[in-house]
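Peer 1: Just final_12.cif, nothing more (mmCIF, C-alpha atoms):
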```cif
data_start
loop_
_atom_site.label_atom_id
_atom_site.label_comp_id
_atom_site.auth_asym_id
_atom_site.auth_seq_id
_atom_site.Cartn_x
_atom_site.Cartn_y
_atom_site.Cartn_z
CA MET A 1 -2.12 20.97 17.53
CA ALA A 2 1.32 21.18 19.18
CA ASN A 3 0.15 18.41 21.48
CA ALA A 4 -0.85 16.39 18.41
CA ASP A 5 2.77 16.66 17.22
CA VAL A 6 4.01 15.31 20.54
CA ARG A 7 1.44 12.51 20.56
CA SER A 8 2.27 11.66 16.97
CA ARG A 9 6.00 11.45 17.76
CA ARG A 10 5.21 9.31 20.81
CA ARG A 11 3.05 7.00 18.71
CA ARG A 12 5.79 6.65 16.12
CA GLY A 13 8.36 5.90 18.83
CA THR A 14 6.11 3.32 20.47
CA ILE A 15 5.42 1.56 17.19
CA LEU A 16 9.11 1.54 16.25
CA ALA A 17 10.10 0.21 19.69
CA GLY A 18 7.42 -2.49 19.37
CA ALA A 19 8.76 -3.43 15.94
CA ILE A 20 12.33 -3.71 17.24
CA PHE A 21 11.14 -5.77 20.22
CA LEU A 22 9.15 -8.03 17.92
CA GLY A 23 12.15 -8.41 15.62
CA LEU A 24 14.33 -9.45 18.56
CA ILE A 25 11.72 -11.97 19.69
CA GLY A 26 11.56 -13.30 16.13
CA LEU A 27 15.33 -13.70 15.94
CA GLN A 28 15.38 -15.37 19.34
CA ALA A 29 12.61 -17.72 18.22
CA VAL A 30 14.68 -18.73 15.18
CA SER A 31 17.79 -19.47 17.18
CA MET A 32 16.34 -20.97 20.34
CA SER A 33 12.94 -22.39 19.55
CA ALA A 34 12.21 -25.92 20.66
CA PRO A 35 9.43 -27.87 18.95
CA ILE A 36 6.09 -27.71 20.75
CA THR A 37 4.37 -31.04 21.20
CA PRO A 38 0.81 -30.69 19.86
CA GLY A 39 -1.74 -31.20 22.66
CA ALA A 40 0.95 -31.14 25.31
CA ALA A 41 2.21 -27.57 25.27
CA ARG A 42 3.82 -26.44 28.51
CA GLY A 43 2.53 -23.37 30.35
CA VAL A 44 5.61 -21.35 29.47
CA GLU A 45 5.12 -22.13 25.78
CA ILE A 46 1.48 -21.07 25.88
CA VAL A 47 2.38 -17.81 27.64
CA ARG A 48 5.20 -17.12 25.18
CA MET A 49 2.98 -17.76 22.20
CA ALA A 50 0.13 -15.67 23.63
CA GLY A 51 2.52 -12.78 24.26
CA PHE A 52 3.94 -13.04 20.76
CA CYS A 53 0.47 -13.16 19.16
CA ALA A 54 -0.70 -10.17 21.24
CA LEU A 55 2.34 -8.14 20.21
CA VAL A 56 1.89 -9.01 16.53
CA VAL A 57 -1.82 -8.14 16.57
CA VAL A 58 -1.38 -4.86 18.47
CA LEU A 59 1.53 -3.78 16.30
CA ALA A 60 -0.31 -4.64 13.08
CA LEU A 61 -3.45 -2.84 14.27
CA ARG A 62 -1.53 0.22 15.46
CA SER A 63 0.33 0.65 12.18
CA THR A 64 -2.48 -0.13 9.76
CA THR A 65 -5.70 1.04 11.47
CA ALA A 66 -6.88 3.78 13.85
CA PHE A 67 -6.99 1.26 16.70
CA SER A 68 -5.85 2.46 20.12
CA LEU A 69 -6.16 0.90 23.58
CA VAL A 70 -6.74 4.34 25.13
CA GLY A 71 -9.38 5.60 22.72
CA ARG A 72 -9.26 6.97 19.20
CA ASN A 73 -7.68 10.40 18.77
CA ALA A 74 -9.09 12.39 15.85
CA GLU A 75 -5.94 14.53 15.58
CA LEU A 76 -3.85 11.42 14.98
CA ASP A 77 -6.29 10.01 12.47
CA ASP A 78 -6.17 12.66 9.78
CA GLU A 79 -5.79 12.23 6.04
CA LEU A 80 -2.00 11.88 6.07
CA SER A 81 -2.03 9.21 8.79
CA ARG A 82 -4.68 7.23 6.92
CA ALA A 83 -2.62 7.38 3.73
CA ASN A 84 0.48 6.30 5.66
CA ARG A 85 -1.42 3.40 7.22
CA THR A 86 -2.58 2.25 3.80
CA ALA A 87 1.00 2.29 2.51
CA ALA A 88 2.20 0.48 5.65
CA ALA A 89 -0.49 -2.19 5.31
CA GLN A 90 0.51 -2.71 1.68
CA ALA A 91 4.18 -3.14 2.61
CA GLY A 92 3.35 -5.47 5.52
CA PHE A 93 1.07 -7.57 3.36
CA LEU A 94 3.70 -7.93 0.64
CA ALA A 95 6.37 -8.84 3.20
CA ALA A 96 4.14 -11.50 4.77
CA MET A 97 3.28 -12.91 1.34
CA LEU A 98 6.93 -13.06 0.32
CA GLY A 99 7.82 -14.63 3.66
CA GLY A 100 5.17 -17.29 3.07
CA VAL A 101 6.48 -17.97 -0.44
CA VAL A 102 10.07 -18.28 0.83
CA ALA A 103 8.91 -20.66 3.60
CA LEU A 104 6.98 -22.74 1.07
CA ILE A 105 10.02 -23.06 -1.18
CA ALA A 106 12.26 -23.81 1.82
CA SER A 107 9.89 -26.61 2.87
CA LEU A 108 10.94 -28.46 -0.30
CA PHE A 109 14.44 -28.78 1.13
CA VAL A 110 14.05 -28.82 4.92
CA ALA A 111 11.34 -30.06 7.26
CA LEU A 112 9.38 -27.06 8.57
CA SER A 113 6.55 -27.12 11.06
CA VAL A 114 3.73 -24.59 11.42
CA THR A 115 5.29 -23.31 14.64
CA ASP A 116 8.58 -22.72 12.79
CA VAL A 117 7.06 -20.79 9.90
CA LEU A 118 3.97 -18.93 11.07
CA PRO A 119 5.61 -16.84 13.81
CA LEU A 120 8.22 -15.64 11.34
CA VAL A 121 5.68 -14.81 8.64
CA LEU A 122 3.50 -12.95 11.16
CA MET A 123 6.51 -11.19 12.62
CA LEU A 124 7.77 -10.19 9.18
CA GLY A 125 4.42 -8.67 8.13
CA ALA A 126 3.89 -6.75 11.36
CA PHE A 127 7.52 -5.64 11.55
CA VAL A 128 7.64 -4.31 7.98
CA ALA A 129 4.26 -2.54 8.37
CA ALA A 130 5.36 -0.91 11.62
CA VAL A 131 8.72 0.26 10.29
CA ARG A 132 7.14 1.55 7.08
CA PHE A 133 4.51 3.48 9.03
CA ALA A 134 7.12 4.98 11.37
CA ARG A 135 9.28 6.07 8.43
CA LEU A 136 6.34 7.65 6.57
CA GLU A 137 5.18 9.48 9.69
CA LYS A 138 8.69 10.86 10.22
CA ARG A 139 8.60 12.59 6.81
CA GLY A 140 6.19 15.24 8.00
CA GLU A 141 7.86 15.99 11.31
CA ALA A 142 10.51 18.40 10.03
CA ASP A 143 10.14 21.86 11.49
CA ALA A 144 8.34 24.50 9.50
CA MET B 1 -5.54 7.67 -26.48
CA PRO B 2 -4.27 9.39 -23.29
CA ASP B 3 -1.16 11.49 -23.71
CA ARG B 4 1.72 9.92 -21.74
CA GLY B 5 3.20 13.32 -20.88
CA GLN B 6 -0.18 14.47 -19.60
CA ALA B 7 -0.44 11.46 -17.30
CA GLU B 8 2.99 12.16 -15.79
CA ARG B 9 2.28 15.77 -14.87
CA SER B 10 2.61 16.38 -11.16
CA LEU B 11 1.06 18.74 -8.67
CA VAL B 12 2.72 22.01 -7.71
CA SER B 13 1.81 23.33 -4.29
CA ARG B 14 1.80 27.05 -3.56
CA LEU B 15 0.37 26.48 -0.11
CA LYS B 16 3.46 27.70 1.73
CA GLU B 17 3.52 31.03 -0.17
CA VAL B 18 -0.18 31.66 0.37
CA ARG B 19 -0.05 30.60 4.03
CA THR B 20 2.96 32.80 4.74
CA ALA B 21 1.30 35.72 2.97
CA ALA B 22 -1.76 35.19 5.16
CA GLY B 23 0.47 35.38 8.25
CA LEU B 24 -0.36 31.89 9.46
CA THR B 25 1.90 29.22 10.88
CA GLN B 26 1.56 25.60 9.86
CA ALA B 27 0.09 24.80 13.26
CA GLU B 28 -2.52 27.57 12.96
CA LEU B 29 -3.59 26.47 9.51
CA ALA B 30 -3.68 22.85 10.67
CA GLU B 31 -5.98 23.81 13.52
CA ARG B 32 -8.31 25.68 11.14
CA VAL B 33 -8.77 22.69 8.87
CA GLN B 34 -8.62 20.10 11.66
CA VAL B 35 -5.60 18.13 10.49
CA SER B 36 -2.15 17.63 12.00
CA ARG B 37 0.71 20.03 11.32
CA LYS B 38 2.50 17.15 9.63
CA THR B 39 -0.20 17.03 6.99
CA ILE B 40 0.27 20.74 6.18
CA ASN B 41 4.04 20.25 6.12
CA THR B 42 3.92 17.32 3.71
CA VAL B 43 1.41 19.08 1.43
CA GLU B 44 3.68 22.14 1.29
CA ASN B 45 6.71 19.99 0.49
CA GLY B 46 4.85 18.11 -2.23
CA VAL B 47 5.28 14.80 -0.37
CA PHE B 48 1.56 14.32 0.12
CA ILE B 49 -1.18 15.13 -2.39
CA PRO B 50 -4.30 16.17 -0.49
CA SER B 51 -7.78 14.97 -1.29
CA THR B 52 -10.22 17.31 -3.01
CA LEU B 53 -11.99 17.80 0.31
CA LEU B 54 -8.84 18.86 2.12
CA ALA B 55 -7.77 21.09 -0.78
CA LEU B 56 -11.13 22.87 -0.61
CA LYS B 57 -10.86 23.22 3.16
CA LEU B 58 -7.37 24.69 2.83
CA ALA B 59 -8.54 27.14 0.22
CA GLU B 60 -11.49 28.18 2.35
CA ALA B 61 -9.31 28.58 5.46
CA LEU B 62 -6.93 30.83 3.52
CA GLY B 63 -9.73 32.77 1.82
CA THR B 64 -8.64 31.84 -1.67
CA LYS B 65 -9.43 29.42 -4.49
CA VAL B 66 -8.02 25.93 -4.91
CA GLU B 67 -6.45 26.96 -8.23
CA LYS B 68 -4.33 29.51 -6.37
CA LEU B 69 -3.00 26.83 -4.03
CA PHE B 70 -2.37 24.01 -6.45
CA ALA B 71 -1.52 23.78 -10.12
CA LEU B 72 -0.37 21.18 -12.61
CA GLU B 73 3.28 21.23 -13.53
#
```
Let's see the structure in the file written out as structure tokens.
Peer 2:
Amino acid sequence: MANADVRSRRRRGTILAGAIFLGLIGLQAVSMSAPITPGAARGVEIVRMAGFCALVVVLALRSTTAFSLVGRNAELDDELSRANRTAAAQAGFLAAMLGGVVALIASLFVALSVTDVLPLVLMLGAFVAAVRFARLEKRGEADA
Amino acid sequence: MPDRGQAERSLVSRLKEVRTAAGLTQAELAERVQVSRKTINTVENGVFIPSTLLALKLAEALGTKVEKLFALE
């Protein structure tokens, strides 16, 4: 089980790094995004959006389900991890909902397009879920 | 009518005492019940309340009864 500890720490680190990366992308999108013309998206915009969506989906799956690209590991899917994932999913869901509500209210005052709002709502949900999961997993890592 | 004080009672874990008395490390106990060491650690610290199934497995692995491992405050 010592290897499980190492793998668990590695998983937590990967998820946290992914969350930070996603957060940076989100901030960059807020400050530098140019409107995408519907039906005439450039290749670079399609690639950027595909990369963003892939990161959001992988991060959300990694922090709220037992999903893994390299096969499920039973040692990393025990009762504590499942409970932590449930709590992380709850936090991510609430964050995404609140983000949506804030965007809806903001749309009363400023013009917002789907491409302005959705990436941020998705990013917020996945980011909060990932950070929450990483924090909960860290609780059990103290030495015996 | 449920008693409010009764509803707020929490779980006290004696897992660490029993495990130490049995001469097992967290990692060894974790391996016996097929969970991660983190799970044992958080149960011992009272951070995580185990399911009935895990509580029974822990008791069995330590050769004792669930009531000896956990009690209501």
Peer 1: Could you tell me which residues the PyMOL selection byres ((chain A) within 6 of (chain B)) grabs in this file, written as a PyMOL selection string?
Peer 2: chain A and resi 78+80+140-141
Peer 1: Could you tell me which residues the PyMOL selection byres ((chain B and resi 10) around 6) returns for this structure, as number ranges by chain?
Peer 2: B: 9, 11, 72-73
Peer 1: Which is closer to A:Gly23 than all the others in A:Val58, A:Val128, A:Cys53, A:Val102, using only C-alpha atoms?
Peer 2: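 Between A:Val58, A:Val128, A:Cys53, A:Val102, the residue approaching A:Gly23 most closely is A:Val128.
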Peer 1: What separation in Å, quoted to one decimal, exists between atom CA of A:Val6 and atom CA of A:Leu59?
Peer 2: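 Those two atoms sit 19.7 Å apart.
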Peer 1: Report, in Å with one decimal, the straight-line distance from atom CA of B:Ser13 to atom CA of A:Ala129.
Peer 2: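 Between atom CA of B:Ser13 and atom CA of A:Ala129 the gap is 28.9 Å.
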Peer 1: Selected by the PyMOL selection byres ((chain B and resi 63) around 12) in the shown coordinates: which residues, as JSON, numbers by chain?
Peer 2: {"B": [18, 19, 21, 22, 29, 32, 56, 57, 58, 59, 60, 61, 62, 64, 65, 66, 68, 69]}
Peer 1: For each of A:Ala96, A:Leu16, A:Ala66, A:Leu122, take the minimum atom-to-atom distance to A:Leu136, counting all atoms listed in the file, then give the residue where this is smallest.
Peer 2: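 The answer is A:Leu16, which sits nearest to A:Leu136.
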Peer 1: Please determine, counting all atoms listed in the file, which residue among A:Ala130, A:Val117, A:Val44, A:Ile20 has the shortest atom-to-atom distance to A:Val101.
Peer 2: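 Using all atoms listed in the file, the shortest distance to A:Val101 belongs to A:Val117.
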Peer 1: Need to verify the contact set: A:Phe133, 8 Å, only C-alpha atoms, exclusion of same-chain residues closer than 2 positions in sequence. Can you return it as number ranges by chain?
Peer 2: A: 12, 63-64, 84-85, 87-88, 129-131, 135-137
Peer 1: Could you work out how far atom CA of A:Val121 lies from atom CA of A:Met97, giving the answer in Å with one decimal?
Peer 2: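 Result for atom CA of A:Met97 versus atom CA of A:Val121: 7.9 Å, one decimal.
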Peer 1: Could the centre and edge lengths of an axis-aligned box, enclosing all atoms of stretch 50-64 of chain A in the file with 6 Å extra on each side, be given in Å to one decimal as JSON?
Peer 2:
```
{"center_x": 0.2, "center_y": -7.5, "center_z": 17.0, "size_x": 19.4, "size_y": 28.3, "size_z": 26.5}
```
Peer 1: Kindly write stretch 46-68 of chain B with N, CA and C atoms to a file, as an mmCIF file, in the first residue's frame.
Peer 2:
```cif
data_model
loop_
_atom_site.group_PDB
_atom_site.id
_atom_site.type_symbol
_atom_site.label_atom_id
_atom_site.label_comp_id
_atom_site.auth_asym_id
_atom_site.auth_seq_id
_atom_site.Cartn_x
_atom_site.Cartn_y
_atom_site.Cartn_z
ATOM 1 N N GLY B 46 -10.716 10.668 13.230
ATOM 2 C CA GLY B 46 -12.105 11.098 13.325
ATOM 3 C C GLY B 46 -12.537 12.009 12.188
ATOM 4 N N VAL B 47 -11.699 12.120 11.154
ATOM 5 C CA VAL B 47 -12.034 12.973 10.005
ATOM 6 C C VAL B 47 -13.063 12.285 9.119
ATOM 7 N N PHE B 48 -12.927 10.977 9.013
ATOM 8 C CA PHE B 48 -13.803 10.208 8.126
ATOM 9 C C PHE B 48 -14.551 9.139 8.927
ATOM 10 N N ILE B 49 -15.857 9.089 8.753
ATOM 11 C CA ILE B 49 -16.671 8.070 9.420
ATOM 12 C C ILE B 49 -16.856 6.913 8.449
ATOM 13 N N PRO B 50 -16.343 5.741 8.799
ATOM 14 C CA PRO B 50 -16.413 4.622 7.851
ATOM 15 C C PRO B 50 -17.819 4.064 7.714
ATOM 16 N N SER B 51 -18.045 3.373 6.603
ATOM 17 C CA SER B 51 -19.327 2.708 6.414
ATOM 18 C C SER B 51 -19.409 1.504 7.360
ATOM 19 N N THR B 52 -20.596 0.956 7.484
ATOM 20 C CA THR B 52 -20.771 -0.233 8.326
ATOM 21 C C THR B 52 -19.900 -1.378 7.818
ATOM 22 N N LEU B 53 -19.829 -1.496 6.507
ATOM 23 C CA LEU B 53 -19.039 -2.574 5.902
ATOM 24 C C LEU B 53 -17.569 -2.448 6.273
ATOM 25 N N LEU B 54 -17.034 -1.248 6.143
ATOM 26 C CA LEU B 54 -15.620 -1.045 6.467
ATOM 27 C C LEU B 54 -15.378 -1.223 7.964
ATOM 28 N N ALA B 55 -16.308 -0.747 8.781
ATOM 29 C CA ALA B 55 -16.170 -0.910 10.233
ATOM 30 C C ALA B 55 -16.111 -2.397 10.601
ATOM 31 N N LEU B 56 -16.961 -3.184 9.962
ATOM 32 C CA LEU B 56 -16.967 -4.634 10.223
ATOM 33 C C LEU B 56 -15.666 -5.278 9.742
ATOM 34 N N LYS B 57 -15.179 -4.835 8.586
ATOM 35 C CA LYS B 57 -13.914 -5.369 8.075
ATOM 36 C C LYS B 57 -12.746 -5.033 9.007
ATOM 37 N N LEU B 58 -12.764 -3.807 9.517
ATOM 38 C CA LEU B 58 -11.698 -3.389 10.437
ATOM 39 C C LEU B 58 -11.730 -4.235 11.714
ATOM 40 N N ALA B 59 -12.943 -4.423 12.223
ATOM 41 C CA ALA B 59 -13.086 -5.212 13.437
ATOM 42 C C ALA B 59 -12.607 -6.643 13.205
ATOM 43 N N GLU B 60 -12.979 -7.191 12.086
ATOM 44 C CA GLU B 60 -12.574 -8.564 11.763
ATOM 45 C C GLU B 60 -11.053 -8.664 11.615
ATOM 46 N N ALA B 61 -10.472 -7.670 10.933
ATOM 47 C CA ALA B 61 -9.015 -7.690 10.710
ATOM 48 C C ALA B 61 -8.254 -7.567 12.028
ATOM 49 N N LEU B 62 -8.844 -6.901 13.008
ATOM 50 C CA LEU B 62 -8.176 -6.711 14.296
ATOM 51 C C LEU B 62 -8.633 -7.738 15.330
ATOM 52 N N GLY B 63 -9.496 -8.647 14.915
ATOM 53 C CA GLY B 63 -9.967 -9.716 15.811
ATOM 54 C C GLY B 63 -10.764 -9.176 16.988
ATOM 55 N N THR B 64 -11.577 -8.197 16.739
ATOM 56 C CA THR B 64 -12.369 -7.626 17.827
ATOM 57 C C THR B 64 -13.785 -7.325 17.335
ATOM 58 N N LYS B 65 -14.570 -6.642 18.172
ATOM 59 C CA LYS B 65 -15.933 -6.296 17.781
ATOM 60 C C LYS B 65 -15.988 -4.811 17.407
ATOM 61 N N VAL B 66 -16.953 -4.480 16.587
ATOM 62 C CA VAL B 66 -17.101 -3.083 16.146
ATOM 63 C C VAL B 66 -17.270 -2.149 17.346
ATOM 64 N N GLU B 67 -17.994 -2.614 18.348
ATOM 65 C CA GLU B 67 -18.247 -1.776 19.539
ATOM 66 C C GLU B 67 -16.959 -1.409 20.278
ATOM 67 N N LYS B 68 -15.933 -2.249 20.109
ATOM 68 C CA LYS B 68 -14.647 -1.937 20.752
ATOM 69 C C LYS B 68 -13.883 -0.874 19.970
#
```
